[in-house]
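Asks: Below are the structure tokens for one structure; questions will follow.
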Amino acid sequence: MFSTFNTLMVIVVLEAICCLYSVTLAYLSDKKFSKVLNLIMAAIWAIAALLNVVGF
């Protein structure tokens, strides 16, 4: 999808940072709904990073 390897790596790194941020928010949140929502967001970021690595 991207013409250069560097652009793809920057996007994958940003998605990984967002995934870790969502996991951190889920760990620090007090309410169960916030934990579930942040874990779902972390899963979406992880899937997006994985699909970019695979080549979609």
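Residues are referred to by chain and number: the chain letter is A, B, ... according to the order shown in the structure tokens, the number counts from 1 in that chain, and ligands are numbered separately from 1 in the order shown.
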Env of region 11-26 of chain A: 9 Å cut, atoms = only C-alpha atoms, seq-sep filter 5 positions within chain, self excluded. Answer as a ChimeraX atom specification.
Replies: /A:6,32,34-46,48-50,52-53
Asks: Can you tell me, as a PDB file with N, CA, C and O atoms, in the first residue's frame, which residues in chain A count as alpha helix (DSSP H) by DSSP?
Replies:
ATOM      1  N   PHE A   5       9.297   1.941   2.722  1.00  0.00           N
ATOM      2  CA  PHE A   5       9.315   1.135   3.943  1.00  0.00           C
ATOM      3  C   PHE A   5       9.249   2.012   5.179  1.00  0.00           C
ATOM      4  O   PHE A   5       8.645   1.651   6.166  1.00  0.00           O
ATOM      5  N   ASN A   6       9.862   3.190   5.121  1.00  0.00           N
ATOM      6  CA  ASN A   6       9.888   4.081   6.284  1.00  0.00           C
ATOM      7  C   ASN A   6       8.499   4.581   6.662  1.00  0.00           C
ATOM      8  O   ASN A   6       8.176   4.678   7.847  1.00  0.00           O
ATOM      9  N   THR A   7       7.681   4.901   5.676  1.00  0.00           N
ATOM     10  CA  THR A   7       6.322   5.365   5.956  1.00  0.00           C
ATOM     11  C   THR A   7       5.526   4.281   6.651  1.00  0.00           C
ATOM     12  O   THR A   7       4.814   4.545   7.629  1.00  0.00           O
ATOM     13  N   LEU A   8       5.649   3.070   6.193  1.00  0.00           N
ATOM     14  CA  LEU A   8       4.937   1.945   6.799  1.00  0.00           C
ATOM     15  C   LEU A   8       5.405   1.719   8.233  1.00  0.00           C
ATOM     16  O   LEU A   8       4.580   1.496   9.129  1.00  0.00           O
ATOM     17  N   MET A   9       6.692   1.817   8.463  1.00  0.00           N
ATOM     18  CA  MET A   9       7.204   1.613   9.817  1.00  0.00           C
ATOM     19  C   MET A   9       6.729   2.697  10.773  1.00  0.00           C
ATOM     20  O   MET A   9       6.409   2.420  11.923  1.00  0.00           O
ATOM     21  N   VAL A  10       6.660   3.931  10.302  1.00  0.00           N
ATOM     22  CA  VAL A  10       6.166   5.025  11.146  1.00  0.00           C
ATOM     23  C   VAL A  10       4.714   4.774  11.531  1.00  0.00           C
ATOM     24  O   VAL A  10       4.327   4.929  12.692  1.00  0.00           O
ATOM     25  N   ILE A  11       3.901   4.340  10.593  1.00  0.00           N
ATOM     26  CA  ILE A  11       2.492   4.071  10.866  1.00  0.00           C
ATOM     27  C   ILE A  11       2.341   2.909  11.838  1.00  0.00           C
ATOM     28  O   ILE A  11       1.549   2.968  12.782  1.00  0.00           O
ATOM     29  N   VAL A  12       3.115   1.846  11.654  1.00  0.00           N
ATOM     30  CA  VAL A  12       3.034   0.694  12.550  1.00  0.00           C
ATOM     31  C   VAL A  12       3.484   1.078  13.959  1.00  0.00           C
ATOM     32  O   VAL A  12       2.868   0.670  14.952  1.00  0.00           O
ATOM     33  N   VAL A  13       4.525   1.874  14.076  1.00  0.00           N
ATOM     34  CA  VAL A  13       4.996   2.312  15.394  1.00  0.00           C
ATOM     35  C   VAL A  13       3.946   3.188  16.077  1.00  0.00           C
ATOM     36  O   VAL A  13       3.679   3.034  17.271  1.00  0.00           O
ATOM     37  N   LEU A  14       3.313   4.092  15.335  1.00  0.00           N
ATOM     38  CA  LEU A  14       2.261   4.930  15.912  1.00  0.00           C
ATOM     39  C   LEU A  14       1.062   4.096  16.362  1.00  0.00           C
ATOM     40  O   LEU A  14       0.478   4.359  17.417  1.00  0.00           O
ATOM     41  N   GLU A  15       0.708   3.089  15.588  1.00  0.00           N
ATOM     42  CA  GLU A  15      -0.391   2.216  15.983  1.00  0.00           C
ATOM     43  C   GLU A  15      -0.032   1.413  17.225  1.00  0.00           C
ATOM     44  O   GLU A  15      -0.878   1.202  18.098  1.00  0.00           O
ATOM     45  N   ALA A  16       1.212   0.983  17.335  1.00  0.00           N
ATOM     46  CA  ALA A  16       1.647   0.249  18.524  1.00  0.00           C
ATOM     47  C   ALA A  16       1.623   1.152  19.757  1.00  0.00           C
ATOM     48  O   ALA A  16       1.224   0.717  20.845  1.00  0.00           O
ATOM     49  N   ILE A  17       2.013   2.415  19.596  1.00  0.00           N
ATOM     50  CA  ILE A  17       1.964   3.361  20.711  1.00  0.00           C
ATOM     51  C   ILE A  17       0.524   3.585  21.155  1.00  0.00           C
ATOM     52  O   ILE A  17       0.227   3.605  22.354  1.00  0.00           O
ATOM     53  N   CYS A  18      -0.383   3.730  20.210  1.00  0.00           N
ATOM     54  CA  CYS A  18      -1.804   3.908  20.549  1.00  0.00           C
ATOM     55  C   CYS A  18      -2.354   2.671  21.247  1.00  0.00           C
ATOM     56  O   CYS A  18      -3.157   2.785  22.181  1.00  0.00           O
ATOM     57  N   CYS A  19      -1.917   1.502  20.824  1.00  0.00           N
ATOM     58  CA  CYS A  19      -2.350   0.259  21.463  1.00  0.00           C
ATOM     59  C   CYS A  19      -1.869   0.204  22.909  1.00  0.00           C
ATOM     60  O   CYS A  19      -2.640  -0.111  23.821  1.00  0.00           O
ATOM     61  N   LEU A  20      -0.615   0.530  23.138  1.00  0.00           N
ATOM     62  CA  LEU A  20      -0.077   0.526  24.500  1.00  0.00           C
ATOM     63  C   LEU A  20      -0.747   1.590  25.371  1.00  0.00           C
ATOM     64  O   LEU A  20      -0.989   1.370  26.555  1.00  0.00           O
ATOM     65  N   TYR A  21      -1.070   2.730  24.769  1.00  0.00           N
ATOM     66  CA  TYR A  21      -1.759   3.791  25.507  1.00  0.00           C
ATOM     67  C   TYR A  21      -3.157   3.323  25.933  1.00  0.00           C
ATOM     68  O   TYR A  21      -3.582   3.563  27.061  1.00  0.00           O
ATOM     69  N   SER A  22      -3.860   2.635  25.051  1.00  0.00           N
ATOM     70  CA  SER A  22      -5.187   2.128  25.390  1.00  0.00           C
ATOM     71  C   SER A  22      -5.113   1.068  26.487  1.00  0.00           C
ATOM     72  O   SER A  22      -5.960   1.034  27.383  1.00  0.00           O
ATOM     73  N   VAL A  23      -4.104   0.214  26.426  1.00  0.00           N
ATOM     74  CA  VAL A  23      -3.936  -0.795  27.475  1.00  0.00           C
ATOM     75  C   VAL A  23      -3.629  -0.116  28.806  1.00  0.00           C
ATOM     76  O   VAL A  23      -4.158  -0.515  29.854  1.00  0.00           O
ATOM     77  N   THR A  24      -2.797   0.917  28.779  1.00  0.00           N
ATOM     78  CA  THR A  24      -2.486   1.651  30.008  1.00  0.00           C
ATOM     79  C   THR A  24      -3.726   2.317  30.591  1.00  0.00           C
ATOM     80  O   THR A  24      -3.959   2.266  31.801  1.00  0.00           O
ATOM     81  N   LEU A  25      -4.533   2.930  29.729  1.00  0.00           N
ATOM     82  CA  LEU A  25      -5.771   3.543  30.207  1.00  0.00           C
ATOM     83  C   LEU A  25      -6.718   2.503  30.791  1.00  0.00           C
ATOM     84  O   LEU A  25      -7.395   2.753  31.789  1.00  0.00           O
ATOM     85  N   ALA A  26      -6.776   1.336  30.178  1.00  0.00           N
ATOM     86  CA  ALA A  26      -7.629   0.273  30.702  1.00  0.00           C
ATOM     87  C   ALA A  26      -7.134  -0.192  32.067  1.00  0.00           C
ATOM     88  O   ALA A  26      -7.932  -0.461  32.969  1.00  0.00           O
ATOM     89  N   TYR A  27      -5.831  -0.271  32.230  1.00  0.00           N
ATOM     90  CA  TYR A  27      -5.264  -0.704  33.505  1.00  0.00           C
ATOM     91  C   TYR A  27      -5.519   0.327  34.608  1.00  0.00           C
ATOM     92  O   TYR A  27      -5.790  -0.031  35.752  1.00  0.00           O
ATOM     93  N   LEU A  28      -5.470   1.609  34.265  1.00  0.00           N
ATOM     94  CA  LEU A  28      -5.599   2.664  35.267  1.00  0.00           C
ATOM     95  C   LEU A  28      -7.046   3.079  35.543  1.00  0.00           C
ATOM     96  O   LEU A  28      -7.298   3.750  36.535  1.00  0.00           O
ATOM     97  N   LYS A  32     -15.575  -0.521  35.148  1.00  0.00           N
ATOM     98  CA  LYS A  32     -15.481  -1.706  34.295  1.00  0.00           C
ATOM     99  C   LYS A  32     -15.750  -1.360  32.833  1.00  0.00           C
ATOM    100  O   LYS A  32     -15.100  -1.884  31.939  1.00  0.00           O
ATOM    101  N   PHE A  33     -16.722  -0.451  32.597  1.00  0.00           N
ATOM    102  CA  PHE A  33     -17.040  -0.066  31.222  1.00  0.00           C
ATOM    103  C   PHE A  33     -15.831   0.568  30.539  1.00  0.00           C
ATOM    104  O   PHE A  33     -15.547   0.279  29.372  1.00  0.00           O
ATOM    105  N   SER A  34     -15.108   1.408  31.255  1.00  0.00           N
ATOM    106  CA  SER A  34     -13.914   2.041  30.685  1.00  0.00           C
ATOM    107  C   SER A  34     -12.823   1.018  30.396  1.00  0.00           C
ATOM    108  O   SER A  34     -12.133   1.111  29.387  1.00  0.00           O
ATOM    109  N   LYS A  35     -12.681   0.043  31.290  1.00  0.00           N
ATOM    110  CA  LYS A  35     -11.684  -1.010  31.057  1.00  0.00           C
ATOM    111  C   LYS A  35     -11.999  -1.786  29.790  1.00  0.00           C
ATOM    112  O   LYS A  35     -11.133  -2.003  28.948  1.00  0.00           O
ATOM    113  N   VAL A  36     -13.262  -2.188  29.642  1.00  0.00           N
ATOM    114  CA  VAL A  36     -13.658  -2.970  28.470  1.00  0.00           C
ATOM    115  C   VAL A  36     -13.502  -2.141  27.200  1.00  0.00           C
ATOM    116  O   VAL A  36     -12.974  -2.617  26.191  1.00  0.00           O
ATOM    117  N   LEU A  37     -13.937  -0.886  27.246  1.00  0.00           N
ATOM    118  CA  LEU A  37     -13.848  -0.028  26.071  1.00  0.00           C
ATOM    119  C   LEU A  37     -12.400   0.203  25.648  1.00  0.00           C
ATOM    120  O   LEU A  37     -12.070   0.124  24.458  1.00  0.00           O
ATOM    121  N   ASN A  38     -11.524   0.443  26.595  1.00  0.00           N
ATOM    122  CA  ASN A  38     -10.109   0.670  26.261  1.00  0.00           C
ATOM    123  C   ASN A  38      -9.437  -0.607  25.781  1.00  0.00           C
ATOM    124  O   ASN A  38      -8.563  -0.555  24.913  1.00  0.00           O
ATOM    125  N   LEU A  39      -9.816  -1.750  26.314  1.00  0.00           N
ATOM    126  CA  LEU A  39      -9.253  -3.004  25.810  1.00  0.00           C
ATOM    127  C   LEU A  39      -9.732  -3.299  24.390  1.00  0.00           C
ATOM    128  O   LEU A  39      -8.968  -3.819  23.570  1.00  0.00           O
ATOM    129  N   ILE A  40     -10.982  -2.947  24.088  1.00  0.00           N
ATOM    130  CA  ILE A  40     -11.475  -3.105  22.715  1.00  0.00           C
ATOM    131  C   ILE A  40     -10.704  -2.180  21.775  1.00  0.00           C
ATOM    132  O   ILE A  40     -10.307  -2.588  20.676  1.00  0.00           O
ATOM    133  N   MET A  41     -10.467  -0.945  22.202  1.00  0.00           N
ATOM    134  CA  MET A  41      -9.692  -0.021  21.374  1.00  0.00           C
ATOM    135  C   MET A  41      -8.263  -0.523  21.170  1.00  0.00           C
ATOM    136  O   MET A  41      -7.704  -0.397  20.083  1.00  0.00           O
ATOM    137  N   ALA A  42      -7.667  -1.087  22.210  1.00  0.00           N
ATOM    138  CA  ALA A  42      -6.319  -1.648  22.086  1.00  0.00           C
ATOM    139  C   ALA A  42      -6.312  -2.795  21.091  1.00  0.00           C
ATOM    140  O   ALA A  42      -5.377  -2.930  20.290  1.00  0.00           O
ATOM    141  N   ALA A  43      -7.349  -3.627  21.124  1.00  0.00           N
ATOM    142  CA  ALA A  43      -7.431  -4.742  20.176  1.00  0.00           C
ATOM    143  C   ALA A  43      -7.566  -4.229  18.743  1.00  0.00           C
ATOM    144  O   ALA A  43      -6.952  -4.775  17.818  1.00  0.00           O
ATOM    145  N   ILE A  44      -8.347  -3.178  18.548  1.00  0.00           N
ATOM    146  CA  ILE A  44      -8.501  -2.603  17.207  1.00  0.00           C
ATOM    147  C   ILE A  44      -7.171  -2.046  16.705  1.00  0.00           C
ATOM    148  O   ILE A  44      -6.793  -2.261  15.545  1.00  0.00           O
ATOM    149  N   TRP A  45      -6.427  -1.352  17.568  1.00  0.00           N
ATOM    150  CA  TRP A  45      -5.111  -0.827  17.166  1.00  0.00           C
ATOM    151  C   TRP A  45      -4.146  -1.960  16.840  1.00  0.00           C
ATOM    152  O   TRP A  45      -3.358  -1.870  15.898  1.00  0.00           O
ATOM    153  N   ALA A  46      -4.186  -3.030  17.644  1.00  0.00           N
ATOM    154  CA  ALA A  46      -3.289  -4.164  17.382  1.00  0.00           C
ATOM    155  C   ALA A  46      -3.621  -4.836  16.054  1.00  0.00           C
ATOM    156  O   ALA A  46      -2.729  -5.206  15.305  1.00  0.00           O
ATOM    157  N   ILE A  47      -4.904  -5.003  15.768  1.00  0.00           N
ATOM    158  CA  ILE A  47      -5.310  -5.605  14.491  1.00  0.00           C
ATOM    159  C   ILE A  47      -4.893  -4.712  13.316  1.00  0.00           C
ATOM    160  O   ILE A  47      -4.412  -5.210  12.300  1.00  0.00           O
ATOM    161  N   ALA A  48      -5.049  -3.398  13.480  1.00  0.00           N
ATOM    162  CA  ALA A  48      -4.645  -2.475  12.417  1.00  0.00           C
ATOM    163  C   ALA A  48      -3.140  -2.554  12.164  1.00  0.00           C
ATOM    164  O   ALA A  48      -2.695  -2.564  11.000  1.00  0.00           O
ATOM    165  N   ALA A  49      -2.358  -2.614  13.224  1.00  0.00           N
ATOM    166  CA  ALA A  49      -0.909  -2.722  13.044  1.00  0.00           C
ATOM    167  C   ALA A  49      -0.543  -4.047  12.386  1.00  0.00           C
ATOM    168  O   ALA A  49       0.315  -4.096  11.508  1.00  0.00           O
ATOM    169  N   LEU A  50      -1.206  -5.110  12.799  1.00  0.00           N
ATOM    170  CA  LEU A  50      -0.933  -6.420  12.201  1.00  0.00           C
ATOM    171  C   LEU A  50      -1.290  -6.441  10.722  1.00  0.00           C
ATOM    172  O   LEU A  50      -0.529  -6.973   9.901  1.00  0.00           O
ATOM    173  N   LEU A  51      -2.418  -5.860  10.359  1.00  0.00           N
ATOM    174  CA  LEU A  51      -2.807  -5.821   8.938  1.00  0.00           C
ATOM    175  C   LEU A  51      -1.846  -4.976   8.116  1.00  0.00           C
ATOM    176  O   LEU A  51      -1.579  -5.297   6.961  1.00  0.00           O
ATOM    177  N   ASN A  52      -1.304  -3.910   8.690  1.00  0.00           N
ATOM    178  CA  ASN A  52      -0.313  -3.123   7.965  1.00  0.00           C
ATOM    179  C   ASN A  52       0.984  -3.888   7.762  1.00  0.00           C
ATOM    180  O   ASN A  52       1.636  -3.769   6.734  1.00  0.00           O
ATOM    181  N   VAL A  53       1.361  -4.690   8.746  1.00  0.00           N
ATOM    182  CA  VAL A  53       2.582  -5.481   8.610  1.00  0.00           C
ATOM    183  C   VAL A  53       2.382  -6.571   7.550  1.00  0.00           C
ATOM    184  O   VAL A  53       3.267  -6.825   6.747  1.00  0.00           O
ATOM    185  N   VAL A  54       1.206  -7.186   7.549  1.00  0.00           N
ATOM    186  CA  VAL A  54       0.935  -8.240   6.583  1.00  0.00           C
ATOM    187  C   VAL A  54       0.870  -7.681   5.164  1.00  0.00           C
ATOM    188  O   VAL A  54       1.292  -8.327   4.226  1.00  0.00           O
TER     189      VAL A  54
END
